[in-house]
>>> print(open('query28.txt').read())   # compact mmCIF, C-alpha atoms
# COMPACT_ATOMS: atom_id res chain seq x y z
CA MET A 245 4.68 -24.74 -2.47
CA ASN A 246 1.90 -27.12 -3.19
CA PRO A 247 -1.68 -26.23 -2.42
CA PRO A 248 -3.39 -28.42 0.18
CA GLU A 249 -5.32 -31.38 -1.18
CA PHE A 250 -8.75 -30.77 -2.59
CA GLU A 251 -11.18 -32.40 -4.95
CA TYR A 252 -11.69 -30.82 -8.33
CA VAL A 253 -14.72 -30.73 -10.60
CA ALA A 254 -15.10 -28.87 -13.88
CA PRO A 255 -18.83 -28.71 -14.60
CA LYS A 256 -20.15 -27.82 -18.03
CA THR A 257 -23.04 -25.60 -16.91
CA VAL A 258 -23.59 -22.90 -14.32
CA GLN A 259 -26.48 -24.91 -12.89
CA GLU A 260 -24.27 -27.95 -12.28
CA ALA A 261 -21.73 -25.70 -10.58
CA VAL A 262 -24.41 -24.17 -8.36
CA ASP A 263 -25.73 -27.62 -7.42
CA LEU A 264 -22.22 -28.66 -6.34
CA LEU A 265 -21.83 -25.51 -4.26
CA LYS A 266 -25.18 -26.11 -2.61
CA VAL A 267 -24.42 -29.73 -1.73
CA ARG A 268 -20.89 -29.07 -0.49
CA GLY A 269 -21.67 -25.89 1.39
CA GLU A 270 -18.95 -23.50 2.34
CA TRP A 271 -16.20 -26.10 1.90
CA ALA A 272 -16.56 -25.64 -1.84
CA LYS A 273 -15.02 -22.71 -3.66
CA VAL A 274 -15.39 -21.44 -7.22
CA LEU A 275 -12.23 -21.39 -9.35
CA ALA A 276 -12.21 -18.94 -12.27
CA GLY A 277 -8.83 -17.75 -13.57
CA GLY A 278 -7.10 -18.78 -10.36
CA GLN A 279 -4.81 -15.78 -10.15
CA SER A 280 -5.99 -14.85 -6.67
CA LEU A 281 -7.26 -18.22 -5.44
CA ILE A 282 -4.24 -20.38 -6.34
CA PRO A 283 -1.79 -18.11 -4.48
CA LEU A 284 -4.16 -18.21 -1.48
CA LEU A 285 -4.23 -22.01 -1.62
CA LYS A 286 -0.44 -22.18 -1.82
CA LEU A 287 -0.14 -19.95 1.23
CA ARG A 288 -2.75 -22.09 3.01
CA LEU A 289 -4.89 -18.99 3.52
CA ALA A 290 -7.72 -20.98 1.98
CA SER A 291 -8.20 -24.74 2.10
CA PRO A 292 -11.46 -25.68 0.43
CA ALA A 293 -12.39 -29.35 0.16
CA LEU A 294 -13.68 -28.88 -3.38
CA LEU A 295 -12.81 -26.54 -6.21
CA VAL A 296 -15.55 -25.97 -8.76
CA ASP A 297 -13.77 -24.81 -11.91
CA ILE A 298 -16.11 -22.66 -14.01
CA GLY A 299 -13.38 -22.25 -16.63
CA LYS A 300 -14.87 -25.06 -18.70
CA VAL A 301 -18.41 -23.68 -18.68
CA PRO A 302 -19.04 -22.40 -22.20
CA GLY A 303 -20.60 -19.00 -22.82
CA LEU A 304 -19.27 -17.01 -19.86
CA ASP A 305 -16.74 -14.99 -21.85
CA TYR A 306 -18.90 -12.55 -23.79
CA LEU A 307 -18.18 -8.84 -23.91
CA ALA A 308 -20.84 -6.74 -25.65
CA GLU A 309 -23.41 -4.02 -25.30
CA SER A 310 -27.04 -5.04 -25.16
CA ASP A 311 -30.24 -3.64 -23.61
CA GLY A 312 -28.59 -0.49 -22.39
CA HIS A 313 -25.66 -2.19 -20.66
CA LEU A 314 -22.12 -3.24 -21.34
CA ARG A 315 -22.20 -6.89 -20.34
CA MET A 316 -19.06 -8.73 -19.36
CA GLY A 317 -19.29 -12.47 -18.80
CA ALA A 318 -17.60 -13.47 -15.56
CA MET A 319 -14.89 -15.46 -17.37
CA VAL A 320 -13.74 -12.62 -19.65
CA ARG A 321 -10.00 -12.33 -19.10
CA VAL A 322 -8.62 -9.00 -17.96
CA ALA A 323 -6.30 -8.97 -20.99
CA ASP A 324 -9.35 -9.19 -23.26
CA LEU A 325 -10.89 -6.15 -21.56
CA ASN A 326 -7.69 -4.29 -22.25
CA ARG A 327 -7.65 -5.30 -25.92
CA SER A 328 -11.27 -4.25 -26.55
CA ALA A 329 -11.60 -1.21 -28.84
CA LEU A 330 -15.15 -0.67 -27.55
CA LEU A 331 -13.94 -0.36 -23.96
CA LYS A 332 -11.09 1.93 -24.88
CA LYS A 333 -13.51 4.28 -26.61
CA LYS A 334 -16.65 4.14 -24.49
CA TYR A 335 -15.59 2.68 -21.15
CA PRO A 336 -12.17 4.21 -20.53
CA ALA A 337 -12.24 3.68 -16.75
CA ILE A 338 -12.54 -0.08 -17.29
CA HIS A 339 -9.92 0.10 -20.03
CA ASP A 340 -7.50 1.98 -17.77
CA ALA A 341 -7.98 -0.45 -14.89
CA SER A 342 -7.56 -3.49 -17.13
CA GLY A 343 -4.11 -2.23 -18.11
CA VAL A 344 -2.80 -1.87 -14.55
CA ILE A 345 -4.10 -5.02 -12.87
CA ALA A 346 -1.13 -7.16 -11.81
CA ASP A 347 1.08 -7.84 -14.87
CA PRO A 348 0.46 -8.96 -18.47
CA LEU A 349 0.91 -12.65 -17.66
CA VAL A 350 -1.56 -12.56 -14.78
CA ARG A 351 -3.99 -10.53 -16.91
CA ASN A 352 -3.99 -13.33 -19.50
CA LEU A 353 -5.69 -15.62 -16.98
CA GLY A 354 -7.29 -13.33 -14.40
CA THR A 355 -10.99 -12.77 -14.97
CA VAL A 356 -13.47 -9.94 -14.51
CA GLY A 357 -15.61 -12.09 -12.24
CA GLY A 358 -12.67 -13.18 -10.14
CA ASN A 359 -11.28 -9.68 -9.73
CA ILE A 360 -14.65 -8.55 -8.39
CA SER A 361 -15.94 -11.55 -6.44
CA HIS A 362 -12.64 -12.02 -4.61
CA GLY A 363 -13.70 -8.97 -2.58
CA ASP A 364 -10.16 -7.69 -2.19
CA PRO A 365 -10.26 -3.94 -1.45
CA ALA A 366 -6.92 -3.68 -3.29
CA ASN A 367 -8.30 -5.14 -6.52
CA ASP A 368 -8.88 -2.51 -9.17
CA LEU A 369 -12.22 -3.30 -10.78
CA PRO A 370 -14.41 -2.96 -7.65
CA ALA A 371 -13.76 0.82 -7.47
CA VAL A 372 -14.55 1.12 -11.18
CA MET A 373 -17.84 -0.68 -10.62
CA LEU A 374 -18.72 1.61 -7.70
CA ALA A 375 -17.99 4.67 -9.86
CA SER A 376 -19.88 3.34 -12.90
CA GLU A 377 -23.19 2.16 -11.38
CA GLY A 378 -22.01 -1.40 -11.91
CA GLU A 379 -24.21 -4.39 -11.27
CA MET A 380 -23.38 -8.03 -10.67
CA ALA A 381 -25.65 -10.79 -11.96
CA ALA A 382 -25.50 -13.96 -9.91
CA THR A 383 -27.02 -17.40 -10.22
CA GLY A 384 -27.68 -19.45 -7.13
CA SER A 385 -29.84 -22.31 -5.96
CA GLY A 386 -32.63 -19.79 -5.40
CA GLY A 387 -32.44 -18.51 -8.99
CA ASN A 388 -30.96 -15.38 -10.50
CA ARG A 389 -30.55 -11.96 -8.96
CA VAL A 390 -28.81 -8.70 -9.67
CA ILE A 391 -26.77 -6.97 -6.99
CA LYS A 392 -25.73 -3.33 -7.22
CA ALA A 393 -22.03 -2.66 -6.80
CA GLU A 394 -22.86 -0.49 -3.78
CA ASP A 395 -24.40 -3.50 -2.04
CA PHE A 396 -21.91 -6.07 -3.31
CA PHE A 397 -18.71 -5.39 -1.40
CA THR A 398 -19.67 -6.09 2.19
CA ASP A 399 -16.28 -6.57 3.90
CA THR A 400 -12.67 -7.48 3.19
CA PHE A 401 -12.66 -10.62 1.00
CA THR A 402 -16.42 -10.78 1.58
CA THR A 403 -19.19 -10.03 -0.88
CA ALA A 404 -22.97 -10.24 -0.95
CA LEU A 405 -22.74 -13.55 -2.84
CA ALA A 406 -24.08 -16.53 -0.91
CA HIS A 407 -21.80 -19.57 -0.89
CA ASP A 408 -24.01 -21.31 -3.42
CA GLU A 409 -24.15 -18.30 -5.75
CA ILE A 410 -21.91 -17.71 -8.74
CA LEU A 411 -21.22 -14.32 -10.26
CA THR A 412 -22.01 -14.79 -13.95
CA GLU A 413 -22.07 -11.28 -15.38
CA VAL A 414 -20.70 -7.87 -14.52
CA ARG A 415 -22.37 -4.93 -16.21
CA VAL A 416 -22.41 -1.17 -16.35
CA PRO A 417 -24.96 1.12 -18.02
CA VAL A 418 -24.09 2.38 -21.50
CA PRO A 419 -22.88 5.92 -20.78
CA LEU A 420 -24.84 8.96 -21.90
CA PRO A 421 -23.37 11.13 -24.63
CA ARG A 422 -20.65 13.41 -23.21
CA SER A 423 -19.50 10.88 -20.64
CA GLY A 424 -15.99 9.93 -19.71
CA GLY A 425 -14.10 7.95 -17.13
CA ALA A 426 -10.64 7.27 -15.84
CA TYR A 427 -8.83 4.98 -13.45
CA LEU A 428 -5.64 6.14 -11.82
CA LYS A 429 -3.45 3.92 -9.69
CA VAL A 430 -0.26 4.57 -7.81
CA GLU A 431 1.78 1.43 -7.30
CA GLN A 432 5.25 1.07 -5.87
CA LYS A 433 6.33 -1.20 -8.69
CA VAL A 434 4.78 -2.78 -11.75
CA GLY A 435 2.42 -5.58 -10.89
CA ASP A 436 1.90 -4.56 -7.28
CA PHE A 437 -1.37 -3.81 -5.62
CA ALA A 438 -2.28 -0.15 -5.44
CA SER A 439 -0.98 2.11 -2.71
CA ALA A 440 -4.19 3.89 -3.66
CA GLY A 441 -6.38 3.98 -6.75
CA VAL A 442 -9.23 6.19 -7.92
CA ALA A 443 -11.97 5.50 -10.46
CA VAL A 444 -14.04 8.35 -11.88
CA GLN A 445 -17.03 8.12 -14.21
CA LEU A 446 -18.93 11.28 -15.11
CA SER A 447 -21.36 12.84 -17.56
CA VAL A 448 -21.57 16.51 -18.42
CA ASP A 449 -24.15 18.65 -20.20
CA ARG A 450 -23.56 21.04 -23.09
CA ALA A 451 -22.31 23.67 -20.69
CA SER A 452 -19.75 21.20 -19.24
CA MET A 453 -21.69 20.96 -16.01
CA CYS A 454 -21.53 17.60 -14.25
CA THR A 455 -24.88 15.83 -14.42
CA LYS A 456 -23.61 12.51 -13.12
CA VAL A 457 -20.49 11.73 -11.09
CA GLY A 458 -19.21 8.44 -9.74
CA ILE A 459 -16.03 8.12 -7.68
CA GLY A 460 -14.64 4.83 -6.37
CA LEU A 461 -11.50 4.29 -4.28
CA THR A 462 -9.12 1.31 -4.24
CA ALA A 463 -7.06 -0.01 -1.33
CA VAL A 464 -8.03 2.65 1.21
CA GLY A 465 -10.60 0.84 3.33
CA PRO A 466 -11.94 -2.58 4.30
CA THR A 467 -13.68 -2.68 0.90
CA ALA A 468 -13.49 -0.55 -2.21
CA VAL A 469 -15.07 2.76 -1.23
CA LYS A 470 -17.78 4.78 -2.96
CA ALA A 471 -16.98 8.43 -2.20
CA LYS A 472 -20.59 9.64 -2.11
CA LYS A 473 -20.02 13.06 -0.61
CA ALA A 474 -17.33 13.78 -3.17
CA GLU A 475 -19.68 12.73 -5.96
CA GLU A 476 -22.40 15.04 -4.65
CA ALA A 477 -19.97 17.92 -4.34
CA MET A 478 -19.30 17.80 -8.08
CA LEU A 479 -22.93 17.58 -9.21
CA GLY A 480 -24.00 20.74 -10.99
CA LYS A 481 -20.41 21.99 -11.02
CA GLN A 482 -18.00 22.51 -13.87
CA VAL A 483 -14.96 20.27 -13.81
CA THR A 484 -12.91 23.40 -14.39
CA ASP A 485 -14.28 24.78 -11.10
CA ARG A 486 -11.13 24.49 -9.00
CA VAL A 487 -12.90 25.13 -5.73
CA ALA A 488 -15.42 22.38 -6.40
CA VAL A 489 -12.71 19.93 -7.48
CA ALA A 490 -10.63 20.69 -4.40
CA GLU A 491 -13.66 20.18 -2.18
CA ALA A 492 -14.57 16.87 -3.86
CA ALA A 493 -10.95 15.69 -3.58
CA ALA A 494 -10.88 16.55 0.13
CA LEU A 495 -14.21 14.81 0.73
CA ALA A 496 -12.94 11.69 -1.05
CA ALA A 497 -9.83 11.71 1.14
CA ASP A 498 -12.13 11.96 4.17
CA ALA A 499 -14.02 8.89 2.97
CA ALA A 500 -10.76 6.92 2.79
CA THR A 501 -9.75 4.93 5.88
CA PRO A 502 -6.41 3.48 4.81
CA THR A 503 -3.98 1.73 7.12
CA SER A 504 -0.24 2.31 7.19
CA ASP A 505 1.72 -0.55 5.68
CA ILE A 506 4.63 -1.26 3.33
CA ARG A 507 2.79 0.63 0.58
CA GLY A 508 2.76 3.88 2.54
CA THR A 509 1.43 5.60 5.62
CA ALA A 510 -2.26 6.25 6.05
CA GLU A 511 -1.65 9.96 5.68
CA TYR A 512 0.26 9.46 2.43
CA LYS A 513 -2.50 7.32 1.00
CA LYS A 514 -5.13 9.93 1.85
CA ARG A 515 -3.04 12.51 0.05
CA LEU A 516 -2.82 10.18 -2.92
CA VAL A 517 -6.61 9.90 -2.99
CA ARG A 518 -6.91 13.67 -2.96
CA LEU A 519 -4.47 14.06 -5.81
CA LEU A 520 -5.86 11.20 -7.89
CA VAL A 521 -9.47 12.37 -7.53
CA ALA A 522 -8.53 15.80 -8.89
CA ARG A 523 -6.55 14.25 -11.75
CA GLY A 524 -9.23 11.66 -12.41
CA LEU A 525 -11.98 14.29 -12.67
CA LYS A 526 -9.85 16.22 -15.13
CA ARG A 527 -9.02 13.22 -17.28
CA ALA A 528 -12.60 11.93 -17.24
CA SER A 529 -13.96 15.30 -18.27
CA GLU A 530 -11.42 15.62 -21.08
CA ARG A 531 -12.58 12.26 -22.33
CA ALA A 532 -16.21 13.32 -22.00
CA GLY A 533 -15.34 16.11 -24.42
CA GLY A 534 -17.79 18.30 -22.56
CA LYS A 535 -16.89 21.57 -24.22
CA GLU A 536 -18.75 21.99 -27.44
CA MET B 252 -7.18 -38.10 -0.24
CA ALA B 253 -8.53 -36.60 -3.40
CA GLY B 254 -8.24 -39.06 -6.29
CA LYS B 255 -6.01 -38.49 -9.26
CA ILE B 256 -7.43 -37.13 -12.46
CA HIS B 257 -6.42 -38.21 -15.93
CA ILE B 258 -5.48 -35.32 -18.18
CA SER B 259 -4.20 -35.07 -21.73
CA LEU B 260 -2.62 -32.03 -23.26
CA THR B 261 -0.35 -31.05 -26.13
CA VAL B 262 3.10 -29.95 -25.00
CA ASN B 263 5.49 -28.57 -27.62
CA GLY B 264 3.42 -30.25 -30.31
CA LYS B 265 3.37 -33.69 -28.67
CA GLU B 266 0.35 -35.35 -27.10
CA ARG B 267 1.07 -36.02 -23.44
CA GLU B 268 -0.99 -37.71 -20.75
CA ALA B 269 -0.71 -37.83 -16.99
CA ASN B 270 -2.57 -38.81 -13.86
CA VAL B 271 -2.37 -35.91 -11.47
CA GLN B 272 -3.66 -34.86 -8.11
CA PRO B 273 -5.97 -31.86 -8.50
CA ARG B 274 -3.47 -29.77 -6.54
CA ARG B 275 -0.64 -30.51 -8.98
CA LEU B 276 0.65 -27.24 -10.43
CA LEU B 277 1.25 -27.00 -14.15
CA VAL B 278 4.91 -26.13 -13.58
CA HIS B 279 5.42 -29.34 -11.59
CA LEU B 280 3.60 -31.38 -14.20
CA LEU B 281 5.98 -30.02 -16.81
CA ARG B 282 9.17 -30.34 -14.79
CA GLU B 283 8.61 -33.47 -12.75
CA ASP B 284 6.07 -35.58 -14.61
CA LEU B 285 7.09 -34.68 -18.16
CA GLY B 286 10.78 -33.99 -17.52
CA LEU B 287 10.75 -30.54 -19.12
CA THR B 288 13.01 -28.75 -16.67
CA GLY B 289 13.63 -25.75 -18.89
CA THR B 290 10.69 -24.03 -17.21
CA HIS B 291 11.97 -22.75 -13.88
CA VAL B 292 10.37 -22.27 -10.49
CA GLY B 293 11.55 -18.94 -9.15
CA CYS B 294 9.46 -17.24 -6.53
CA ASP B 295 6.55 -19.68 -6.64
CA THR B 296 4.31 -16.75 -5.67
CA THR B 297 3.14 -15.38 -9.06
CA HIS B 298 5.68 -12.59 -9.08
CA CYS B 299 8.84 -13.49 -10.94
CA GLY B 300 7.73 -15.11 -14.20
CA ALA B 301 10.58 -17.67 -14.39
CA CYS B 302 7.85 -20.30 -14.88
CA THR B 303 6.23 -18.54 -17.87
CA VAL B 304 4.85 -20.84 -20.57
CA MET B 305 2.39 -20.39 -23.40
CA LEU B 306 -1.03 -21.85 -22.54
CA ASN B 307 -3.39 -21.91 -25.51
CA GLY B 308 -1.34 -19.19 -27.18
CA LYS B 309 -1.07 -16.87 -24.17
CA ALA B 310 1.87 -16.36 -21.84
CA VAL B 311 0.99 -17.37 -18.29
CA LYS B 312 2.73 -18.16 -15.01
CA SER B 313 2.66 -21.95 -14.76
CA CYS B 314 3.15 -21.87 -10.97
CA THR B 315 -0.32 -20.32 -10.80
CA VAL B 316 -2.18 -22.77 -13.01
CA LEU B 317 -3.41 -26.19 -11.89
CA ALA B 318 -2.41 -29.02 -14.18
CA VAL B 319 -6.08 -30.06 -14.32
CA GLN B 320 -6.97 -26.61 -15.67
CA ALA B 321 -4.65 -27.34 -18.59
CA ASP B 322 -6.51 -30.54 -19.51
CA GLY B 323 -7.05 -30.39 -23.27
CA ALA B 324 -4.81 -27.35 -23.65
CA GLU B 325 -1.84 -26.60 -25.85
CA VAL B 326 1.31 -25.72 -23.97
CA LEU B 327 4.55 -24.34 -25.35
CA THR B 328 7.63 -24.33 -23.12
CA VAL B 329 11.11 -23.00 -23.74
CA GLU B 330 12.07 -26.45 -25.08
CA GLY B 331 9.56 -25.95 -27.88
CA LEU B 332 10.81 -22.59 -29.13
CA ALA B 333 13.55 -23.90 -31.41
CA GLU B 334 12.57 -25.18 -34.82
CA GLY B 335 14.43 -28.48 -34.92
CA GLU B 336 18.12 -27.77 -34.47
CA GLU B 337 17.71 -24.10 -35.25
CA LEU B 338 17.16 -21.75 -32.35
CA SER B 339 14.29 -19.31 -32.69
CA ALA B 340 14.87 -15.66 -33.52
CA VAL B 341 14.22 -14.72 -29.90
CA GLN B 342 16.75 -17.25 -28.63
CA ARG B 343 19.40 -16.15 -31.15
CA ALA B 344 18.80 -12.51 -30.26
CA PHE B 345 19.30 -13.19 -26.52
CA ILE B 346 22.63 -14.83 -27.35
CA ALA B 347 23.71 -12.08 -29.74
CA LYS B 348 22.83 -9.25 -27.37
CA HIS B 349 23.84 -10.98 -24.12
CA GLY B 350 20.28 -10.87 -22.76
CA LEU B 351 21.21 -13.00 -19.76
CA GLN B 352 23.75 -13.39 -17.03
CA CYS B 353 22.86 -16.15 -14.58
CA GLY B 354 20.12 -17.40 -16.89
CA TYR B 355 17.56 -18.23 -14.25
CA CYS B 356 14.87 -15.90 -15.59
CA THR B 357 15.74 -16.62 -19.22
CA PRO B 358 13.19 -19.36 -20.03
CA GLY B 359 10.41 -17.07 -18.82
CA MET B 360 11.88 -14.04 -20.56
CA LEU B 361 12.13 -15.97 -23.83
CA ILE B 362 8.52 -17.07 -23.65
CA ALA B 363 7.31 -13.59 -22.64
CA ALA B 364 9.29 -12.11 -25.55
CA HIS B 365 7.93 -14.77 -27.90
CA ALA B 366 4.37 -13.91 -26.82
CA LEU B 367 4.97 -10.19 -27.14
CA LEU B 368 6.34 -10.47 -30.68
CA GLN B 369 3.51 -12.76 -31.70
CA ASN B 370 0.99 -10.04 -30.85
CA ASN B 371 3.14 -7.07 -31.71
CA PRO B 372 5.88 -7.80 -34.27
CA ASP B 373 7.43 -4.34 -34.09
CA PRO B 374 7.17 -3.12 -30.50
CA THR B 375 8.47 0.17 -29.18
CA ASP B 376 10.87 0.06 -26.23
CA GLU B 377 7.99 1.01 -23.97
CA GLU B 378 5.90 -1.85 -25.31
CA ILE B 379 8.83 -4.22 -24.75
CA ARG B 380 9.15 -3.02 -21.16
CA ASP B 381 5.44 -3.54 -20.66
CA GLY B 382 5.56 -6.95 -22.35
CA ILE B 383 8.20 -8.28 -19.93
CA SER B 384 6.84 -6.46 -16.89
CA GLY B 385 5.63 -9.74 -15.40
CA ASN B 386 9.15 -11.17 -15.49
CA LEU B 387 11.86 -10.30 -13.01
CA CYS B 388 15.59 -10.37 -13.72
CA ARG B 389 18.00 -9.73 -10.86
CA CYS B 390 21.18 -9.60 -12.98
CA THR B 391 20.91 -7.55 -16.11
CA GLY B 392 19.06 -4.42 -15.10
CA TYR B 393 16.88 -5.32 -18.11
CA THR B 394 18.85 -3.17 -20.56
CA LYS B 395 20.33 -6.12 -22.42
CA ILE B 396 17.05 -7.98 -22.33
CA ILE B 397 15.26 -5.07 -23.96
CA ASP B 398 18.08 -4.88 -26.54
CA SER B 399 17.60 -8.59 -27.19
CA VAL B 400 13.86 -8.35 -27.71
CA ARG B 401 14.29 -5.36 -30.02
CA TYR B 402 16.92 -7.31 -31.97
CA ALA B 403 14.67 -10.38 -32.12
CA ALA B 404 11.94 -8.26 -33.71
CA LYS B 405 14.48 -7.00 -36.24
CA ILE B 406 15.64 -10.52 -37.15
CA LYS B 407 12.09 -11.78 -37.46
CA ASN B 408 10.98 -8.84 -39.59
CA ALA B 409 14.04 -9.18 -41.85
CA HIS B 410 12.93 -12.72 -42.69
CA LYS B 411 9.50 -11.68 -43.87
>>> encode(input="query28.txt", output="structure tokens")
Amino acid sequence: MNPPEFEYVAPKTVQEAVDLLKVRGEWAKVLAGGQSLIPLLKLRLASPALLVDIGKVPGLDYLAESDGHLRMGAMVRVADLNRSALLKKKYPAIHDASGVIADPLVRNLGTVGGNISHGDPANDLPAVMLASEGEMAATGSGGNRVIKAEDFFTDTFTTALAHDEILTEVRVPVPLPRSGGAYLKVEQKVGDFASAGVAVQLSVDRASMCTKVGIGLTAVGPTAVKAKKAEEAMLGKQVTDRVAVAEAAALAADAATPTSDIRGTAEYKKRLVRLLVARGLKRASERAGGKE
Amino acid sequence: MAGKIHISLTVNGKEREANVQPRRLLVHLLREDLGLTGTHVGCDTTHCGACTVMLNGKAVKSCTVLAVQADGAEVLTVEGLAEGEELSAVQRAFIAKHGLQCGYCTPGMLIAAHALLQNNPDPTDEEIRDGISGNLCRCTGYTKIIDSVRYAAKIKNAHK
């Protein structure tokens, strides 16, 4: 299958790329790693007139902490997230997710920015961003702006980015001491999209009481879902409090609006969410090492 | 019609040039423009991994890369694995352990195994399974492929 015809430009700066997007309007599309976009082109689900390849723009592949945030350049490959010792230690939810996105070959090309800006509710990083107070930095013809993860995922395959804006950086706050996270995904086979996935990021105090809880859900709604009521239910509670965990898990399942498809019935997926939230809270709290 | 773009890349150590439409896929550049038909097209939907090649040192699915994206890149295909007349350790191991039946997935499996052993010279069985998890085989049930990769690691490590 060949993609439909399109023009191709590989600018050397973000500004050049933005200018092209502005001039060509919505017929232009940004190409990053191509692991979502190229399949879409081949299936004729997208047929842009122009692809603006940001893969040749230098300086978009940094991965480091600075000014209170972990900053991931949009072109950081998913495989590089997974290899990072810093992420494994301090950002385990991102580390977990980066090991279960598609397969190792796709992860070698797929990018952080692409996984997020594609706006696919079945992609794994959006839920992690919703759980981790993630922010997206974008550059457009009107300048730079930062969009909170909560405001970023507006609909299926649709984000808050304007057509002449490029996601340049994805960031999450450096976690407080005694923080931990986890990402759990149930997939029918290796490399598949999730039947359901759950991201948890939490902080606890010296008495193992939750002082901060983020819960994001994958593939159970039109966008990745932030399970706010479930988060609130855990605040001030111990993660060993079975009643609180059961309540949070049930509230998260209520927030899920999955559809029945080849990956399971809606009811099954809600049950997965319930199970994965309970497991995710446990794993995240173990990693937070709350008990001192 | 979108004009053709001139690209140059290194394939199996040789400088190659081509004029390609932007929509040309890397796998078609390799097979049809450069005549390297060892790389197979299987599913053509980013699932099966028969088209796996090394792109700048990383194993990727060449049906999901545009040829223009590979401008300036280094590509290694299955034809480039052997050192002269001598097959690589991975290739010899697949022969010795019968790591193939129909052979369709084999070029991709060889490259995936090559990439895995480059990063991890002594993988556990679980790491081997993970390393080839982007490559489908419909014949072997994977057992013999995993045996082959394990044996390839052994041969390679014995030579050090």
>>> residues_around(input="query28.txt", residues="Ala310 (chain B)", least_positions_apart="4", cutoff="8 Å", atoms="all atoms listed in the file", output="VMD selection string")
(chain A and resid 349 352) or (chain B and resid 303 to 306 362 to 363 366)
>>> interface_residues(input="query28.txt", of="chain A", to="chain B", cutoff="8 Å", atoms="all atoms listed in the file", output="short mmCIF file (atom, residue, chain, number, x, y, z; two decimals) with C-alpha atoms, in the coordinates of the input")
data_model
loop_
_atom_site.label_atom_id
_atom_site.label_comp_id
_atom_site.auth_asym_id
_atom_site.auth_seq_id
_atom_site.Cartn_x
_atom_site.Cartn_y
_atom_site.Cartn_z
CA MET A 245 4.68 -24.74 -2.47
CA ASN A 246 1.90 -27.12 -3.19
CA PRO A 247 -1.68 -26.23 -2.42
CA PRO A 248 -3.39 -28.42 0.18
CA GLU A 249 -5.32 -31.38 -1.18
CA PHE A 250 -8.75 -30.77 -2.59
CA GLU A 251 -11.18 -32.40 -4.95
CA TYR A 252 -11.69 -30.82 -8.33
CA GLY A 278 -7.10 -18.78 -10.36
CA GLN A 279 -4.81 -15.78 -10.15
CA ILE A 282 -4.24 -20.38 -6.34
CA PRO A 283 -1.79 -18.11 -4.48
CA ASP A 297 -13.77 -24.81 -11.91
CA GLY A 299 -13.38 -22.25 -16.63
CA ASP A 347 1.08 -7.84 -14.87
CA PRO A 348 0.46 -8.96 -18.47
CA LEU A 349 0.91 -12.65 -17.66
CA VAL A 350 -1.56 -12.56 -14.78
CA ASN A 352 -3.99 -13.33 -19.50
CA LEU A 353 -5.69 -15.62 -16.98
CA VAL A 434 4.78 -2.78 -11.75
CA GLY A 435 2.42 -5.58 -10.89
#
>>> closest_residue(input="query28.txt", among="A:Ala371, A:Val262, A:Ala492, A:Ala532", to="Asp449 (chain A)", atoms="all atoms listed in the file")
A:Ala532
>>> residues_around(input="query28.txt", residues="Lys332 (chain A)", least_positions_apart="4", cutoff="12 Å", atoms="all atoms listed in the file", output="list in words")
Asp324, Leu325, Asn326, Arg327, Ser328, Pro336, Ala337, Ile338, His339, Asp340, Ala341, Ser342, Gly343, Gly424, Gly425, Ala426 and Arg531 of chain A
>>> residues_near_point(input="query28.txt", point="(4.4, -32.7, -18.1)", cutoff="9 Å", atoms="all atoms listed in the file", output="list in words")
Leu260, Val262, Arg267, Glu268, Ala269, Leu277, Val278, His279, Leu280, Leu281, Arg282, Glu283, Asp284, Leu285, Gly286, Leu287 and Ala318 of chain B
>>> closest_residue(input="query28.txt", among="A:Ala440, A:Val448, A:Leu479, A:Ala404", to="Pro421 (chain A)", atoms="only C-alpha atoms")
A:Val448
>>> atom_distance(input="query28.txt", atom1="CA of His313 (chain A)", atom2="CA of Lys334 (chain A)")
11.7 Å
>>> closest_atom_pairs(input="query28.txt", of="region 283-374 of chain A", to="region 410-413 of chain A", cutoff="8 Å", atoms="all atoms listed in the file", output="CSV")
residue,atom,partner,partner_atom,distance
A:Leu304,CA,A:Thr412,CA,6.9
A:Arg315,CA,A:Glu413,CA,6.6
A:Met316,CA,A:Glu413,CA,5.6
A:Gly317,CA,A:Glu413,CA,4.6
A:Ala318,CA,A:Thr412,CA,4.9
A:Met319,CA,A:Thr412,CA,7.9
A:Gly357,CA,A:Leu411,CA,6.4
A:Ser361,CA,A:Leu411,CA,7.1
>>> closest_residue(input="query28.txt", among="B:Arg343, B:Leu351, B:Ala403, B:Cys356", to="Ile379 (chain B)", atoms="all atoms listed in the file")
B:Ala403
>>> residues_around(input="query28.txt", residues="Val400 (chain B)", least_positions_apart="3", cutoff="9 Å", atoms="only C-alpha atoms", output="MDAnalysis selection string")
chainID B and resid 341 344:345 350 361 364:365 368 374 379 395:397 403:405
>>> residues_around(input="query28.txt", residues="Gly289 (chain B)", least_positions_apart="2", cutoff="8 Å", atoms="all atoms listed in the file", output="list of chain:residue names")
B:Arg282, B:Leu287, B:His291, B:Thr328, B:Val329, B:Glu330, B:Pro358
>>> write_last_selection(input="query28.txt", atoms="C-alpha atoms", output="compact mmCIF listing (two decimals), in the coordinates of the input")
# COMPACT_ATOMS: atom_id res chain seq x y z
CA ARG B 282 9.17 -30.34 -14.79
CA LEU B 287 10.75 -30.54 -19.12
CA HIS B 291 11.97 -22.75 -13.88
CA THR B 328 7.63 -24.33 -23.12
CA VAL B 329 11.11 -23.00 -23.74
CA GLU B 330 12.07 -26.45 -25.08
CA PRO B 358 13.19 -19.36 -20.03
>>> atom_distance(input="query28.txt", atom1="CA of Ile506 (chain A)", atom2="CA of Asp436 (chain A)")
11.4 Å
>>> atom_distance(input="query28.txt", atom1="CA of Val390 (chain A)", atom2="CA of Met373 (chain A)")
13.6 Å
